[in-house]
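Structure file upload.pdb (PDB, C-alpha atoms) follows.
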```pdb
ATOM      1  CA  MET A   5     -19.819  -2.112  12.761  1.00  0.00           C
ATOM      2  CA  ARG A   6     -16.922  -2.294  15.218  1.00  0.00           C
ATOM      3  CA  LEU A   7     -13.570  -2.953  13.534  1.00  0.00           C
ATOM      4  CA  ARG A   8     -10.505  -4.722  14.868  1.00  0.00           C
ATOM      5  CA  PRO A   9      -7.901  -2.129  13.880  1.00  0.00           C
ATOM      6  CA  VAL A  10      -4.779  -4.253  14.390  1.00  0.00           C
ATOM      7  CA  ALA A  11      -6.028  -6.891  11.972  1.00  0.00           C
ATOM      8  CA  LEU A  12      -7.076  -4.204   9.509  1.00  0.00           C
ATOM      9  CA  ALA A  13      -3.663  -2.522   9.544  1.00  0.00           C
ATOM     10  CA  ALA A  14      -1.880  -5.844   9.089  1.00  0.00           C
ATOM     11  CA  LEU A  15      -4.075  -6.731   6.123  1.00  0.00           C
ATOM     12  CA  PHE A  16      -2.285  -4.256   3.877  1.00  0.00           C
ATOM     13  CA  VAL A  17       1.266  -5.288   4.778  1.00  0.00           C
ATOM     14  CA  LEU A  18       1.306  -8.982   5.592  1.00  0.00           C
ATOM     15  CA  ALA A  19      -0.333 -10.314   2.448  1.00  0.00           C
ATOM     16  CA  GLY A  20       2.957 -10.478   0.549  1.00  0.00           C
ATOM     17  CA  CYS A  21       2.645 -10.849  -3.190  1.00  0.00           C
ATOM     18  CA  SER A  22      -1.115 -10.746  -3.008  1.00  0.00           C
ATOM     19  CA  GLY A  23      -0.604  -7.002  -2.883  1.00  0.00           C
ATOM     20  CA  PHE A  24      -1.836  -5.074   0.132  1.00  0.00           C
ATOM     21  CA  ALA A  25      -5.064  -7.040   0.227  1.00  0.00           C
ATOM     22  CA  ALA A  26      -5.888 -10.541   1.346  1.00  0.00           C
ATOM     23  CA  SER A  27      -6.963 -11.906  -2.023  1.00  0.00           C
ATOM     24  CA  ASP A  28      -4.724 -12.500  -5.025  1.00  0.00           C
ATOM     25  CA  ARG A  29      -7.658 -12.051  -7.372  1.00  0.00           C
ATOM     26  CA  THR A  30      -8.107  -8.290  -7.457  1.00  0.00           C
ATOM     27  CA  GLU A  31     -11.264  -6.879  -8.970  1.00  0.00           C
ATOM     28  CA  ALA A  32     -11.019  -3.771 -11.102  1.00  0.00           C
ATOM     29  CA  VAL A  33     -12.505  -0.729  -9.390  1.00  0.00           C
ATOM     30  CA  THR A  34     -14.094   2.119 -11.311  1.00  0.00           C
ATOM     31  CA  PRO A  35     -13.258   5.361  -9.472  1.00  0.00           C
ATOM     32  CA  ALA A  36     -16.255   7.390  -8.417  1.00  0.00           C
ATOM     33  CA  PRO A  37     -16.346  11.066  -9.422  1.00  0.00           C
ATOM     34  CA  VAL A  38     -14.854  13.404  -6.838  1.00  0.00           C
ATOM     35  CA  PRO A  39     -17.134  16.295  -5.852  1.00  0.00           C
ATOM     36  CA  ASP A  40     -15.803  19.816  -6.276  1.00  0.00           C
ATOM     37  CA  ALA A  41     -14.284  21.408  -3.186  1.00  0.00           C
ATOM     38  CA  GLU A  42     -16.758  23.532  -1.267  1.00  0.00           C
ATOM     39  CA  PRO A  43     -16.423  27.331  -1.430  1.00  0.00           C
ATOM     40  CA  GLY A  44     -13.989  28.614   1.162  1.00  0.00           C
ATOM     41  CA  ALA A  45     -12.256  25.243   1.445  1.00  0.00           C
ATOM     42  CA  THR A  46      -8.590  24.476   0.815  1.00  0.00           C
ATOM     43  CA  GLY A  47      -9.211  23.489  -2.794  1.00  0.00           C
ATOM     44  CA  VAL A  48      -8.407  19.856  -1.934  1.00  0.00           C
ATOM     45  CA  PRO A  49     -11.484  17.625  -2.371  1.00  0.00           C
ATOM     46  CA  GLY A  50     -12.802  16.592   1.030  1.00  0.00           C
ATOM     47  CA  LEU A  51     -10.571  18.972   3.014  1.00  0.00           C
ATOM     48  CA  THR A  52     -11.543  22.353   4.480  1.00  0.00           C
ATOM     49  CA  ASN A  53      -9.564  24.637   6.771  1.00  0.00           C
ATOM     50  CA  ASP A  54     -10.715  22.727   9.855  1.00  0.00           C
ATOM     51  CA  SER A  55     -12.403  19.465   8.814  1.00  0.00           C
ATOM     52  CA  VAL A  56     -12.052  16.426   6.569  1.00  0.00           C
ATOM     53  CA  ASN A  57     -14.352  14.082   4.695  1.00  0.00           C
ATOM     54  CA  PRO A  58     -12.184  10.920   4.499  1.00  0.00           C
ATOM     55  CA  ALA A  59     -14.221   9.239   1.747  1.00  0.00           C
ATOM     56  CA  ILE A  60     -13.909  12.196  -0.645  1.00  0.00           C
ATOM     57  CA  LEU A  61     -10.228  12.739   0.170  1.00  0.00           C
ATOM     58  CA  ALA A  62      -9.491   9.019  -0.327  1.00  0.00           C
ATOM     59  CA  GLN A  63     -11.096   9.075  -3.774  1.00  0.00           C
ATOM     60  CA  ALA A  64      -9.079  12.151  -4.751  1.00  0.00           C
ATOM     61  CA  HIS A  65      -5.961  10.286  -3.593  1.00  0.00           C
ATOM     62  CA  ARG A  66      -6.822   7.264  -5.752  1.00  0.00           C
ATOM     63  CA  ASN A  67      -7.477   9.445  -8.787  1.00  0.00           C
ATOM     64  CA  ALA A  68      -4.164  11.272  -8.329  1.00  0.00           C
ATOM     65  CA  LEU A  69      -2.305   7.935  -8.478  1.00  0.00           C
ATOM     66  CA  ASP A  70      -3.546   7.119 -11.973  1.00  0.00           C
ATOM     67  CA  ASP A  71      -0.879   7.142 -14.712  1.00  0.00           C
ATOM     68  CA  GLN A  72       1.914   8.131 -12.306  1.00  0.00           C
ATOM     69  CA  SER A  73       5.221   6.505 -11.499  1.00  0.00           C
ATOM     70  CA  TYR A  74       6.049   6.456  -7.803  1.00  0.00           C
ATOM     71  CA  THR A  75       7.817   4.686  -4.952  1.00  0.00           C
ATOM     72  CA  LEU A  76       5.730   3.674  -1.934  1.00  0.00           C
ATOM     73  CA  THR A  77       7.312   2.711   1.399  1.00  0.00           C
ATOM     74  CA  VAL A  78       5.199   1.161   4.173  1.00  0.00           C
ATOM     75  CA  HIS A  79       6.151   0.328   7.762  1.00  0.00           C
ATOM     76  CA  TRP A  80       3.908  -1.620  10.146  1.00  0.00           C
ATOM     77  CA  ASP A  81       4.747  -2.395  13.784  1.00  0.00           C
ATOM     78  CA  ALA A  82       2.463  -4.129  16.282  1.00  0.00           C
ATOM     79  CA  SER A  83       4.298  -4.428  19.617  1.00  0.00           C
ATOM     80  CA  GLY A  84       7.541  -5.538  17.991  1.00  0.00           C
ATOM     81  CA  ARG A  85       6.132  -7.508  15.056  1.00  0.00           C
ATOM     82  CA  GLU A  86       7.463  -5.415  12.184  1.00  0.00           C
ATOM     83  CA  TRP A  87       7.139  -5.455   8.410  1.00  0.00           C
ATOM     84  CA  GLU A  88       8.732  -3.197   5.812  1.00  0.00           C
ATOM     85  CA  THR A  89       7.235  -2.962   2.349  1.00  0.00           C
ATOM     86  CA  ARG A  90       8.550  -1.114  -0.705  1.00  0.00           C
ATOM     87  CA  LEU A  91       6.752  -0.778  -4.019  1.00  0.00           C
ATOM     88  CA  GLY A  92       8.229   0.864  -7.116  1.00  0.00           C
ATOM     89  CA  VAL A  93       5.882   1.568 -10.036  1.00  0.00           C
ATOM     90  CA  GLU A  94       7.358   2.742 -13.332  1.00  0.00           C
ATOM     91  CA  ASP A  95       4.141   2.193 -15.268  1.00  0.00           C
ATOM     92  CA  GLU A  96       1.086  -0.050 -15.236  1.00  0.00           C
ATOM     93  CA  ARG A  97       3.020  -3.056 -16.567  1.00  0.00           C
ATOM     94  CA  ARG A  98       6.412  -2.549 -14.941  1.00  0.00           C
ATOM     95  CA  TYR A  99       6.681  -2.557 -11.170  1.00  0.00           C
ATOM     96  CA  ARG A 100       8.583  -4.172  -8.327  1.00  0.00           C
ATOM     97  CA  TYR A 101       7.516  -5.107  -4.793  1.00  0.00           C
ATOM     98  CA  LEU A 102       9.398  -6.255  -1.677  1.00  0.00           C
ATOM     99  CA  SER A 103       7.843  -7.035   1.699  1.00  0.00           C
ATOM    100  CA  THR A 104      10.060  -8.237   4.552  1.00  0.00           C
ATOM    101  CA  GLN A 105       9.353  -9.265   8.123  1.00  0.00           C
ATOM    102  CA  THR A 106      12.177  -7.513   9.970  1.00  0.00           C
ATOM    103  CA  THR A 107      11.883  -9.798  13.003  1.00  0.00           C
ATOM    104  CA  GLY A 108      11.345 -13.143  11.270  1.00  0.00           C
ATOM    105  CA  ALA A 109      12.048 -15.408   8.316  1.00  0.00           C
ATOM    106  CA  TYR A 110       9.397 -14.213   5.867  1.00  0.00           C
ATOM    107  CA  SER A 111       9.739 -12.110   2.732  1.00  0.00           C
ATOM    108  CA  ASP A 112       7.921 -11.689  -0.568  1.00  0.00           C
ATOM    109  CA  ARG A 113       9.384 -10.280  -3.781  1.00  0.00           C
ATOM    110  CA  LEU A 114       7.529  -9.532  -6.975  1.00  0.00           C
ATOM    111  CA  PHE A 115       8.523  -8.151 -10.355  1.00  0.00           C
ATOM    112  CA  VAL A 116       6.203  -7.440 -13.271  1.00  0.00           C
ATOM    113  CA  GLU A 117       7.383  -6.878 -16.824  1.00  0.00           C
ATOM    114  CA  GLY A 118       4.733  -6.703 -19.511  1.00  0.00           C
ATOM    115  CA  ASP A 119       2.272  -9.577 -19.197  1.00  0.00           C
ATOM    116  CA  VAL A 120       4.412 -11.689 -16.856  1.00  0.00           C
ATOM    117  CA  ARG A 121       4.613 -11.595 -13.059  1.00  0.00           C
ATOM    118  CA  TYR A 122       7.622 -13.172 -11.329  1.00  0.00           C
ATOM    119  CA  SER A 123       7.567 -13.797  -7.574  1.00  0.00           C
ATOM    120  CA  ARG A 124       9.836 -15.204  -4.880  1.00  0.00           C
ATOM    121  CA  HIS A 125       8.525 -16.181  -1.431  1.00  0.00           C
ATOM    122  CA  ARG A 126      10.866 -16.938   1.470  1.00  0.00           C
ATOM    123  CA  ARG A 127       9.461 -19.009   4.329  1.00  0.00           C
ATOM    124  CA  PRO A 128      11.057 -20.895   7.260  1.00  0.00           C
ATOM    125  CA  LEU A 129      10.988 -24.149   5.258  1.00  0.00           C
ATOM    126  CA  GLY A 130      12.483 -22.728   2.068  1.00  0.00           C
ATOM    127  CA  ILE A 131      11.977 -20.526  -0.988  1.00  0.00           C
ATOM    128  CA  GLN A 132       9.197 -20.815  -3.560  1.00  0.00           C
ATOM    129  CA  TYR A 133       9.235 -19.233  -7.028  1.00  0.00           C
ATOM    130  CA  ARG A 134       6.229 -18.540  -9.244  1.00  0.00           C
ATOM    131  CA  ARG A 135       5.619 -17.146 -12.705  1.00  0.00           C
ATOM    132  CA  ASN A 136       2.092 -15.993 -13.551  1.00  0.00           C
ATOM    133  CA  ARG A 137       0.102 -13.565 -15.629  1.00  0.00           C
ATOM    134  CA  SER A 138       0.380  -9.983 -14.477  1.00  0.00           C
ATOM    135  CA  VAL A 139      -2.270  -7.401 -13.687  1.00  0.00           C
ATOM    136  CA  PRO A 140      -1.839  -3.608 -13.948  1.00  0.00           C
ATOM    137  CA  ALA A 141      -0.282  -1.879 -10.951  1.00  0.00           C
ATOM    138  CA  SER A 142      -3.374   0.235 -10.312  1.00  0.00           C
ATOM    139  CA  GLU A 143      -5.558  -2.880 -10.038  1.00  0.00           C
ATOM    140  CA  ARG A 144      -3.164  -4.678  -7.715  1.00  0.00           C
ATOM    141  CA  PHE A 145      -2.022  -1.845  -5.445  1.00  0.00           C
ATOM    142  CA  GLY A 146      -3.565   1.464  -6.425  1.00  0.00           C
ATOM    143  CA  HIS A 147      -6.614   1.599  -4.180  1.00  0.00           C
ATOM    144  CA  HIS A 148      -5.344   0.173  -0.893  1.00  0.00           C
ATOM    145  CA  THR A 149      -3.658   3.262   0.538  1.00  0.00           C
ATOM    146  CA  GLY A 150      -6.858   5.145  -0.256  1.00  0.00           C
ATOM    147  CA  ARG A 151      -8.749   2.656   1.863  1.00  0.00           C
ATOM    148  CA  LEU A 152      -6.359   3.317   4.747  1.00  0.00           C
ATOM    149  CA  VAL A 153      -7.007   7.057   4.476  1.00  0.00           C
ATOM    150  CA  GLU A 154     -10.744   6.460   4.467  1.00  0.00           C
ATOM    151  CA  THR A 155     -10.554   4.067   7.423  1.00  0.00           C
ATOM    152  CA  TYR A 156      -8.147   5.818   9.807  1.00  0.00           C
ATOM    153  CA  LEU A 157      -8.996   9.518   9.356  1.00  0.00           C
ATOM    154  CA  PRO A 158     -11.932  10.587  11.543  1.00  0.00           C
ATOM    155  CA  THR A 159     -14.780  12.441   9.865  1.00  0.00           C
ATOM    156  CA  GLY A 160     -15.284  16.034  10.973  1.00  0.00           C
ATOM    157  CA  PRO A 161     -13.070  18.506  12.854  1.00  0.00           C
ATOM    158  CA  VAL A 162      -9.291  18.120  12.483  1.00  0.00           C
ATOM    159  CA  ALA A 163      -6.294  20.455  12.657  1.00  0.00           C
ATOM    160  CA  VAL A 164      -5.293  21.667   9.181  1.00  0.00           C
ATOM    161  CA  ARG A 165      -2.398  23.962   8.302  1.00  0.00           C
ATOM    162  CA  GLN A 166      -0.514  24.805   5.135  1.00  0.00           C
ATOM    163  CA  LEU A 167       2.733  22.952   4.549  1.00  0.00           C
ATOM    164  CA  GLY A 168       4.728  23.799   1.447  1.00  0.00           C
ATOM    165  CA  GLY A 169       2.393  23.488  -1.513  1.00  0.00           C
ATOM    166  CA  GLY A 170      -0.045  21.287   0.402  1.00  0.00           C
ATOM    167  CA  TYR A 171      -1.483  20.696   3.855  1.00  0.00           C
ATOM    168  CA  LEU A 172      -0.745  18.917   7.119  1.00  0.00           C
ATOM    169  CA  VAL A 173      -3.763  17.203   8.693  1.00  0.00           C
ATOM    170  CA  VAL A 174      -3.618  16.088  12.352  1.00  0.00           C
ATOM    171  CA  ALA A 175      -6.227  14.416  14.564  1.00  0.00           C
ATOM    172  CA  ASP A 176      -5.937  12.949  18.053  1.00  0.00           C
ATOM    173  CA  ARG A 177      -9.278  11.167  18.098  1.00  0.00           C
ATOM    174  CA  ALA A 178     -10.146   7.837  16.534  1.00  0.00           C
ATOM    175  CA  PRO A 179     -12.980   7.217  14.061  1.00  0.00           C
ATOM    176  CA  ALA A 180     -16.192   6.058  15.715  1.00  0.00           C
ATOM    177  CA  THR A 181     -15.618   2.482  14.521  1.00  0.00           C
ATOM    178  CA  PHE A 182     -12.398   2.349  16.605  1.00  0.00           C
ATOM    179  CA  ASP A 183     -14.132   3.216  19.857  1.00  0.00           C
ATOM    180  CA  ARG A 184     -11.977   0.921  22.010  1.00  0.00           C
ATOM    181  CA  VAL A 185      -8.516   2.203  21.081  1.00  0.00           C
ATOM    182  CA  ARG A 186      -6.514   4.660  23.190  1.00  0.00           C
ATOM    183  CA  ASN A 187      -3.764   7.251  22.612  1.00  0.00           C
ATOM    184  CA  TYR A 188      -4.848   7.653  19.006  1.00  0.00           C
ATOM    185  CA  THR A 189      -2.971  10.034  16.691  1.00  0.00           C
ATOM    186  CA  VAL A 190      -3.122  10.298  12.912  1.00  0.00           C
ATOM    187  CA  ARG A 191      -1.144  12.659  10.650  1.00  0.00           C
ATOM    188  CA  ALA A 192      -1.257  13.126   6.886  1.00  0.00           C
ATOM    189  CA  THR A 193       0.454  15.434   4.404  1.00  0.00           C
ATOM    190  CA  VAL A 194      -1.760  16.126   1.423  1.00  0.00           C
ATOM    191  CA  ALA A 195      -0.824  17.681  -1.920  1.00  0.00           C
ATOM    192  CA  SER A 196      -3.136  20.184  -3.597  1.00  0.00           C
ATOM    193  CA  SER A 197      -4.273  17.413  -5.975  1.00  0.00           C
ATOM    194  CA  GLY A 198      -5.519  15.324  -3.047  1.00  0.00           C
ATOM    195  CA  TRP A 199      -2.573  12.910  -3.184  1.00  0.00           C
ATOM    196  CA  VAL A 200      -1.847  11.807   0.395  1.00  0.00           C
ATOM    197  CA  ARG A 201       1.951  11.706   0.258  1.00  0.00           C
ATOM    198  CA  THR A 202       2.594  10.640   3.859  1.00  0.00           C
ATOM    199  CA  PHE A 203       0.255   9.054   6.361  1.00  0.00           C
ATOM    200  CA  SER A 204       0.923   7.762   9.875  1.00  0.00           C
ATOM    201  CA  VAL A 205      -1.250   6.453  12.685  1.00  0.00           C
ATOM    202  CA  ARG A 206      -0.465   5.334  16.242  1.00  0.00           C
ATOM    203  CA  TYR A 207      -2.704   3.857  18.906  1.00  0.00           C
ATOM    204  CA  PHE A 208      -3.025   1.278  21.662  1.00  0.00           C
ATOM    205  CA  ASP A 209      -5.637  -1.448  21.310  1.00  0.00           C
ATOM    206  CA  PRO A 210      -6.512  -2.784  24.796  1.00  0.00           C
ATOM    207  CA  TYR A 211      -8.799  -5.404  23.260  1.00  0.00           C
ATOM    208  CA  GLN A 212      -5.720  -7.146  21.816  1.00  0.00           C
ATOM    209  CA  ASP A 213      -3.176  -5.592  24.224  1.00  0.00           C
ATOM    210  CA  VAL A 214      -1.017  -4.270  21.401  1.00  0.00           C
ATOM    211  CA  SER A 215       0.508  -0.935  20.381  1.00  0.00           C
ATOM    212  CA  VAL A 216       0.317  -0.224  16.660  1.00  0.00           C
ATOM    213  CA  ARG A 217       2.343   2.109  14.452  1.00  0.00           C
ATOM    214  CA  TYR A 218       1.584   2.332  10.758  1.00  0.00           C
ATOM    215  CA  ARG A 219       3.118   4.659   8.180  1.00  0.00           C
ATOM    216  CA  PHE A 220       3.239   5.002   4.416  1.00  0.00           C
ATOM    217  CA  GLU A 221       5.149   7.507   2.303  1.00  0.00           C
ATOM    218  CA  TYR A 222       5.297   8.233  -1.433  1.00  0.00           C
ATOM    219  CA  SER A 223       8.501   9.485  -3.059  1.00  0.00           C
ATOM    220  CA  ALA A 224      10.115   9.868  -6.512  1.00  0.00           C
ATOM    221  CA  ILE A 225       6.701  10.791  -7.891  1.00  0.00           C
ATOM    222  CA  GLY A 226       6.906  10.918 -11.673  1.00  0.00           C
ATOM    223  CA  GLU A 227      10.585   9.899 -11.495  1.00  0.00           C
ATOM    224  CA  THR A 228      10.561   6.214 -10.480  1.00  0.00           C
ATOM    225  CA  THR A 229      12.217   3.680 -12.780  1.00  0.00           C
ATOM    226  CA  VAL A 230      12.307  -0.065 -12.117  1.00  0.00           C
ATOM    227  CA  GLU A 231      15.177  -2.404 -12.979  1.00  0.00           C
ATOM    228  CA  ARG A 232      14.790  -6.138 -13.473  1.00  0.00           C
ATOM    229  CA  PRO A 233      16.052  -7.952 -10.322  1.00  0.00           C
ATOM    230  CA  ALA A 234      18.970 -10.355 -10.640  1.00  0.00           C
ATOM    231  CA  TRP A 235      16.991 -13.227  -9.064  1.00  0.00           C
ATOM    232  CA  VAL A 236      14.485 -13.089 -11.937  1.00  0.00           C
ATOM    233  CA  GLU A 237      17.113 -13.550 -14.645  1.00  0.00           C
ATOM    234  CA  GLU A 238      18.880 -16.238 -12.601  1.00  0.00           C
ATOM    235  CA  ARG A 239      15.682 -18.245 -12.145  1.00  0.00           C
ATOM    236  CA  TRP A 240      14.257 -17.808 -15.680  1.00  0.00           C
ATOM    237  CA  PRO A 241      17.251 -17.128 -17.983  1.00  0.00           C
ATOM    238  CA  ASP A 242      15.411 -18.334 -21.091  1.00  0.00           C
ATOM    239  CA  ASP A 243      12.815 -15.578 -20.734  1.00  0.00           C
ATOM    240  CA  PHE A 244      15.440 -12.926 -21.429  1.00  0.00           C
ATOM    241  CA  GLY A 245      17.653 -14.695 -23.961  1.00  0.00           C
ATOM    242  CA  ARG A 246      15.419 -13.926 -26.922  1.00  0.00           C
ATOM    243  CA  GLU A 247      13.305 -11.006 -28.110  1.00  0.00           C
ATOM    244  CA  THR A 248       9.945 -12.652 -27.481  1.00  0.00           C
ATOM    245  CA  ALA A 249       9.503 -14.761 -24.379  1.00  0.00           C
ATOM    246  CA  THR A 250       6.514 -17.087 -24.165  1.00  0.00           C
ATOM    247  CA  PRO A 251       6.771 -18.677 -20.709  1.00  0.00           C
ATOM    248  CA  ALA A 252       4.151 -21.079 -19.444  1.00  0.00           C
ATOM    249  CA  MET A 253       1.852 -19.170 -17.124  1.00  0.00           C
ATOM    250  CA  SER A 254      -1.067 -19.844 -14.834  1.00  0.00           C
ATOM    251  CA  ASP A 255      -3.795 -17.598 -13.488  1.00  0.00           C
ATOM    252  CA  ASP A 256      -3.515 -18.679  -9.853  1.00  0.00           C
ATOM    253  CA  GLY A 257      -1.133 -17.580  -7.080  1.00  0.00           C
TER
END
```
Please, can you express the file's structure as structure tokens?
Amino acid sequence: MRLRPVALAALFVLAGCSGFAASDRTEAVTPAPVPDAEPGATGVPGLTNDSVNPAILAQAHRNALDDQSYTLTVHWDASGREWETRLGVEDERRYRYLSTQTTGAYSDRLFVEGDVRYSRHRRPLGIQYRRNRSVPASERFGHHTGRLVETYLPTGPVAVRQLGGGYLVVADRAPATFDRVRNYTVRATVASSGWVRTFSVRYFDPYQDVSVRYRFEYSAIGETTVERPAWVEERWPDDFGRETATPAMSDDG
């Protein structure tokens, strides 16, 4: 199946408080077991000294995210249309998300505390607030960067070299499903656990006449804490004026 890579890259950034995916109703995913690294390999599942299996590496990345606090920063640029996204996860039921269009009037903010999800959406016609039931961070966000790794890394030969306690992976050829793109380059830094800490891809898509740059980076791993935003307390002061808050909630949006 031939993919339209610009649309695929945008899917994970432009969806606002739906997470990095198009649907707000996220299905739980049961991680598949990760095969042991082959003899003579780097020790990272799916990565040898000169090749990569993106599906195995992506699953190792997803597994490494479980039960970790972290900060994730994402930048997406398609010929001047730019979005910046920042996600801070303290634990499964406390996290904060901000996605901003740097060249327009759109932004999405989300804060989860316990069983409640608070969100603020800025659009050209005004601001909308919502309060809903929350879902765990791993269900809402945990698997999407793994999908990017699996989609944008080409299977087979790549350049691999040691970098600190992990590896740098570089390829200048696109996966077979992106056969129409040009000037393709992808780089990833991978920890020994399989956690893909940084990932960047650049290419030109002549089909849509657009140059794409996409990058994500994890930081403050195991050290991220999340504070309640001021806009949440200003909008719903009664939720935080007593020990037990029981706000009205809905399952949509």
Within 6 Å of (8.7, -3.9, -1.3) (file coordinates; only C-alpha atoms), which protein or nucleic acid residues are there? I'd like them as a VMD selection string.
chain A and resid 89 to 91 101 to 103
Compare A:His125, A:His79, A:His65, A:Arg134 by their minimum atom-to-atom distance to Ser196 (chain A), counting all atoms listed in the file, and give me the closest one.
A:His65
Check what the PyMOL selection byres ((chain A and resi 141) around 12) selects in the file above and give those residues as a PyMOL selection string.
chain A and resi 22-24+30+32+69-74+91-101+114-119+121+138-140+142-148
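If you count only C-alpha atoms and ignore residues fewer than 2 places along the chain from region 211-213 of chain A, what sits within 8 Å of it is Arg184, Val185, Phe208, Asp209 and Ser215 of chain A.
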I'd like the residues picked by the PyMOL selection byres ((chain A and resi 207) around 9) written out as a list of chain:residue names, using the chain letters and numbers from the file.
A:Ala178, A:Val185, A:Arg186, A:Asn187, A:Tyr188, A:Thr189, A:Val190, A:Val205, A:Arg206, A:Phe208, A:Asp209, A:Val214, A:Ser215, A:Val216, A:Arg217
I'd like to know which of A:Leu167, A:Ala68, A:Leu172, A:Leu76 is closest to Asp54 (chain A), using all atoms listed in the file.
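Closest residue, counting all atoms listed in the file: A:Leu172.
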Proximity to Thr193 (chain A) - best of A:Ala180, A:Ala82, A:Val236, A:Val164, all atoms listed in the file:
A:Val164
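If only C-alpha atoms are the atoms counted, then among A:Gly160, A:Gly47, A:Pro128, A:Gly150 the closest residue to Arg201 (chain A) is A:Gly150.
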Pull out every residue that the PyMOL selection byres ((chain A and resi 225) around 8) matches in the shown coordinates and put them as a list in words.
Gln72, Ser73, Tyr74, Thr75, Tyr222, Ser223, Ala224, Gly226, Glu227 and Thr228 of chain A
Contact residues around Leu51 (chain A) with all atoms listed in the file at 10 Å, ignoring same-chain residues under 5 positions, as a count of residues only:
16
Restricting the calculation to all atoms listed in the file: of A:Val200, A:Ala62, A:Val78, A:Leu129, which residue gets closest to Glu154 (chain A)?
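That would be A:Ala62, the residue with the smallest distance to Glu154 (chain A).
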Any idea what's packed within 9 Å of Arg191 (chain A), counting all atoms listed in the file, ignoring anything in its chain fewer than 3 positions away? Could you give it as JSON, numbers by chain?
{"A": [157, 172, 173, 174, 175, 176, 202, 203, 204, 205]}
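Using all atoms listed in the file, the smallest distance between any of A:Ala195, A:Ala64, A:Val48, A:Ala59 and Pro158 (chain A) comes from A:Ala59.
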Interatomic distance between CA of Thr181 (chain A) and CA of Thr77 (chain A)?
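Straight-line distance from CA of Thr181 (chain A) to CA of Thr77 (chain A) works out to 26.4 Å.
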Could you tell me how far CA of Val120 (chain A) sits from CA of Tyr133 (chain A), in Å to one decimal place?
13.3 Å
As an exercise, work out the distance from CA of Ala163 (chain A) to CA of Ser197 (chain A) in Å and give it to one decimal place.
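Pair CA of Ala163 (chain A) / CA of Ser197 (chain A) returns 19.0 Å.
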Need the shell around Trp87 (chain A): protein/DNA/RNA residues with any atom at most 7 Å away, counting all atoms listed in the file. Skip same-chain ones fewer than 6 positions apart. Format as a ChimeraX atom specification?
/A:17,79-81,103-106
